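Q: Input: one structure, supplied below.
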Amino acid sequence: GRLGIVRSGHAGAARDDALSSAADVLPSYRRVFFPAFGSMKIYRRYIAREVFGAVLLVLLAFLALFAFFDMLGEINNVGQGGYRLQHAFGFVLLRVPGRVYELMPIAVLIGTLYALSTLARHSEITVLRVSGLSSGALLLGLFQVAGAFAVATFLIGEYVAPPAERAANQLRLKERGRMVGQDLRSGLWVKDERSFINVRVVLPDTRLRGIRIYEFDQSARLHSVTEAEAGEYVVPDSWRLTGVVKTILNAERSEVQKMPEILWRSALNPDILAVLMVSPDRMSLRHLSTYTRHLSENRQTTNRYDIAFWKKVVYPLAAFVMVALALPFGGTHYRGDGVGLKIFAGVMTGVLFHMLNGLFSNLGAINSWSPVLSAVTPSALFLLAAMVMIWWVERR
C-alpha cells in the first residue's frame, strides 16, 4: 500500500524523497539481502565486511600514530650503553601487541560508527529498515562482529601482549646495560612464609645477583641469614645459589657456614619475578592468578592485582558495548554530512571509556572496593547509556 507522509517544508520533501528512493531500489535490495530461500545471513555478512574493514583501518591508523609517539620517546634513550636505533625500532615493534589490546575497543567504536554512517548516508540502512529489519536484529548482527573482536582481544591480551611486553623490556634493559631493580636502593624484597628475601639485582633473564635470605622462627625471632652471590632457577621449584655464606643465630653463639653451592626451595619463581617487568594491566590471567595467590598466602595486599585480573576478564567484552554505542549514532540517516561529527563523538566516547577504566581501577585500589565492581562498572555504565540511546532513537 502507499505510505502516508506529512510534508513540512523542505524537511518533509527531503524525507519523502528518501523514502521514495528507498522504495524504488527496494526490489533489487530484497533480491540481494533476502533471497527466495529466506536466508538472513547475507545482509549480516555485508555489514560485517564493512565493519571489519573500517575497524581494521582505524586500528592501523591508531597503531601508526602510537608507534610514532613511542619512537619519539625512545629516541632519548638511543646512545645509552649499547642501545642503538635498531633496538629502539625493535622495542616499539614488540609493544605493538599491547597497543592493539589497549586500542581495540576504541577502534571498534570508531570503525563501527564510520561503517554505519557510510551505510546510512548511502540509504542502505534505510532500505534495510523498510525491508523489515529491526534495531534488535541489526544489533544482533553487530554483536556477532563484536564477538570476533572480543575473542581476538582476549587472545592477544592473554598470549601475545604479555610475552611481547616482557621481551621489549628485556631488550631495552639488556642493551642499555641496566638491571631490573637497580633503581631501588636496597633491591627487591619478597616475603615467603617466615622468610624475607632481598635481591639486589634481577637480570632480564630472571637470574639473581646479591641475594640475602632472612629466616625467622615461629616466635618472629631472626634465626638465620643466608647470603649468596648469584642464583639461577631450577625447575620445578628450586634455586641454585652459588657463593653461599649462611649465618645461624643461636641463643648462645652464632655459627657461620660457607658453601660453594646449595639448592634453595622457595615459592619465588620466574613468573613472580616477571611481574617486575610487566605492569599488572599487561600481564596474563595466569601470571596474575599466580602472583595474587602468592601474595595472599603471605598475607599481603592483593586488591590491585585482583582488579587487574577482573579487568582482563571484562575488557574483551567492551567490544559489545562499543557496537551498541555506535548503533544509535551511526544507524540514523541524515541528509547532511555528519560523518565527521560522529567520528569526533566516537573518539571522545572512546577516550572517556578509557579514562573511566583507569579511574575506577585506581579508586578501587585506593578505597578497597570490590575488584569485580571496579572492573565491571565502566562497561556497565556505557552499556546502559547505549541501551537508553537506542530506546530514545526508536521512540523518535
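Ordering of the C-alpha cells sets the chain letters (A, B, ...), residue numbers begin anew at 1 in every chain, and ligands are numbered from 1 in the order given.
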Any idea what's packed within 12 Å of Arg84 in chain A, counting only C-alpha atoms, ignoring anything in its chain fewer than 5 positions away? Could you give it as a list of chain:residue names?
A: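 Contacts, with the query itself left out: A:Glu74, A:Ile75, A:Asn76, A:Asn77, A:Val78, A:Gly79, A:Phe89, A:Gly90, A:Phe91, A:Leu171, A:Arg172, A:Lys174, A:Glu175, A:Arg176.
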Q: Include N, CA, C and O atoms and write out the residues we just selected as a PDB file, in the first residue's frame.
A:
ATOM      1  N   GLU A  74      61.562   6.865  22.586  1.00  0.00           N
ATOM      2  CA  GLU A  74      62.754   6.025  22.657  1.00  0.00           C
ATOM      3  C   GLU A  74      63.991   6.703  22.093  1.00  0.00           C
ATOM      4  O   GLU A  74      65.109   6.278  22.382  1.00  0.00           O
ATOM      5  N   ILE A  75      63.807   7.715  21.272  1.00  0.00           N
ATOM      6  CA  ILE A  75      64.966   8.404  20.703  1.00  0.00           C
ATOM      7  C   ILE A  75      65.875   8.945  21.802  1.00  0.00           C
ATOM      8  O   ILE A  75      67.105   8.954  21.677  1.00  0.00           O
ATOM      9  N   ASN A  76      65.282   9.375  22.919  1.00  0.00           N
ATOM     10  CA  ASN A  76      66.077   9.923  24.027  1.00  0.00           C
ATOM     11  C   ASN A  76      66.977   8.869  24.660  1.00  0.00           C
ATOM     12  O   ASN A  76      67.989   9.210  25.287  1.00  0.00           O
ATOM     13  N   ASN A  77      66.599   7.574  24.522  1.00  0.00           N
ATOM     14  CA  ASN A  77      67.400   6.507  25.131  1.00  0.00           C
ATOM     15  C   ASN A  77      68.504   5.997  24.212  1.00  0.00           C
ATOM     16  O   ASN A  77      69.366   5.239  24.657  1.00  0.00           O
ATOM     17  N   VAL A  78      68.433   6.354  22.923  1.00  0.00           N
ATOM     18  CA  VAL A  78      69.447   5.892  21.981  1.00  0.00           C
ATOM     19  C   VAL A  78      70.803   6.485  22.364  1.00  0.00           C
ATOM     20  O   VAL A  78      70.925   7.685  22.608  1.00  0.00           O
ATOM     21  N   GLY A  79      71.808   5.623  22.414  1.00  0.00           N
ATOM     22  CA  GLY A  79      73.144   6.061  22.795  1.00  0.00           C
ATOM     23  C   GLY A  79      73.514   5.701  24.212  1.00  0.00           C
ATOM     24  O   GLY A  79      74.683   5.798  24.591  1.00  0.00           O
ATOM     25  N   PHE A  89      63.700   0.560  17.389  1.00  0.00           N
ATOM     26  CA  PHE A  89      62.678   0.040  16.483  1.00  0.00           C
ATOM     27  C   PHE A  89      62.140  -1.299  16.981  1.00  0.00           C
ATOM     28  O   PHE A  89      60.932  -1.558  16.939  1.00  0.00           O
ATOM     29  N   GLY A  90      63.055  -2.162  17.429  1.00  0.00           N
ATOM     30  CA  GLY A  90      62.617  -3.459  17.949  1.00  0.00           C
ATOM     31  C   GLY A  90      61.731  -3.311  19.164  1.00  0.00           C
ATOM     32  O   GLY A  90      60.723  -4.020  19.303  1.00  0.00           O
ATOM     33  N   PHE A  91      62.073  -2.377  20.063  1.00  0.00           N
ATOM     34  CA  PHE A  91      61.262  -2.132  21.254  1.00  0.00           C
ATOM     35  C   PHE A  91      59.857  -1.674  20.871  1.00  0.00           C
ATOM     36  O   PHE A  91      58.855  -2.160  21.416  1.00  0.00           O
ATOM     37  N   LEU A 171      64.792  -6.372  26.153  1.00  0.00           N
ATOM     38  CA  LEU A 171      65.662  -5.826  25.106  1.00  0.00           C
ATOM     39  C   LEU A 171      66.233  -4.476  25.526  1.00  0.00           C
ATOM     40  O   LEU A 171      67.447  -4.230  25.416  1.00  0.00           O
ATOM     41  N   ARG A 172      65.366  -3.601  26.020  1.00  0.00           N
ATOM     42  CA  ARG A 172      65.821  -2.264  26.397  1.00  0.00           C
ATOM     43  C   ARG A 172      66.775  -2.320  27.583  1.00  0.00           C
ATOM     44  O   ARG A 172      67.820  -1.656  27.591  1.00  0.00           O
ATOM     45  N   LYS A 174      68.653  -4.870  28.564  1.00  0.00           N
ATOM     46  CA  LYS A 174      69.901  -5.537  28.202  1.00  0.00           C
ATOM     47  C   LYS A 174      70.822  -4.604  27.421  1.00  0.00           C
ATOM     48  O   LYS A 174      72.023  -4.493  27.710  1.00  0.00           O
ATOM     49  N   GLU A 175      70.269  -3.932  26.419  1.00  0.00           N
ATOM     50  CA  GLU A 175      71.103  -3.096  25.561  1.00  0.00           C
ATOM     51  C   GLU A 175      71.555  -1.814  26.260  1.00  0.00           C
ATOM     52  O   GLU A 175      72.597  -1.277  25.924  1.00  0.00           O
ATOM     53  N   ARG A 176      70.797  -1.349  27.220  1.00  0.00           N
ATOM     54  CA  ARG A 176      71.202  -0.153  27.969  1.00  0.00           C
ATOM     55  C   ARG A 176      72.128  -0.497  29.120  1.00  0.00           C
ATOM     56  O   ARG A 176      72.621   0.397  29.815  1.00  0.00           O
TER      57      ARG A 176
END
Q: Mind checking which residues fall within 12 Å of Thr349 in chain A, counting only C-alpha atoms, ignoring those fewer than 3 positions away in the same chain, and posting them as a list in words?
A: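 Listed by chain and then number, they are Pro105, Ile106, Ala107, Val108, Leu109, Ile110, Leu113, Val321, Met322, Leu325, Ala326, Phe329, Lys342, Ile343, Phe344, Ala345, Gly346, Leu352, Phe353, His354, Met355, Leu356, Pro378, Phe382, Ala385 and Ala386 of chain A.
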Q: Pick out the closest residue to Ala319 in chain A from this set: A:Phe143, A:Phe68, A:Tyr83, A:Tyr291. Count only C-alpha atoms.
A: A:Phe143
Q: Taking only C-alpha atoms into account, name the residue in A:Gly73, A:Ala267, A:Tyr101, A:Thr290 that is nearest to Ala150 in chain A.
A: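 Going through A:Gly73, A:Ala267, A:Tyr101, A:Thr290 one by one, the smallest distance to Ala150 in chain A is for A:Tyr101.
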Q: List as a compact mmCIF listing (two decimals) with C-alpha atoms, in the first residue's frame the protein and nucleic acid residues near range 301-306 of chain A, meaning an atom at most 8 Å away when only C-alpha atoms are counted, but skip any in the same chain fewer than 3 places from it.
A:
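Contents of around_0.txt, as written:
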# COMPACT_ATOMS: atom_id res chain seq x y z
CA PRO A 280 49.55 -5.66 36.07
CA LEU A 288 48.09 -12.53 37.71
CA THR A 292 47.88 -12.96 43.61
CA LEU A 295 50.61 -12.52 47.93
CA SER A 296 47.53 -13.99 49.60
CA PHE A 309 42.61 -9.77 36.92
CA TRP A 310 38.93 -8.90 36.57
CA SER A 361 40.83 0.85 38.85
CA GLY A 364 39.07 0.62 43.67
CA ALA A 365 42.68 0.07 44.75
CA SER A 368 39.47 -1.25 48.69
CA PRO A 371 37.55 -5.90 42.38
Q: Might you pull out every residue within 9 Å of range 225-236 of chain A, with only C-alpha atoms counted and same-chain residues fewer than 3 positions away left off, and present them as a ChimeraX atom specification?
A: /A:206-215,222,239-249,261,263,269-270
Q: Can you tell me how far CA of Trp189 in chain A sits from CA of Gly81 in chain A, in Å to one decimal?
A: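 Atom-to-atom, CA of Trp189 in chain A and CA of Gly81 in chain A are spaced 27.2 Å apart.
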Q: For Glu124 in chain A, which residue out of A:Ala308, A:Leu341, A:Ile47, A:Val199 is the nearest one, using only C-alpha atoms?
A: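 Comparing A:Ala308, A:Leu341, A:Ile47, A:Val199 against Glu124 in chain A, the winner is A:Ile47.
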Q: Where does DSSP see strand (DSSP E) in range 48-259 of chain A, if you list the residues as a PyMOL selection string?
A: chain A and resi 188-192+195-202+208-216+222-234+238-249+254-259
Q: Please run DSSP on the backbone and report, as a PyMOL selection string, all residues within range 162-328 of chain A that come out as alpha helix (DSSP H).
A: chain A and resi 162-176+270-273+285-297+303-314+318-328
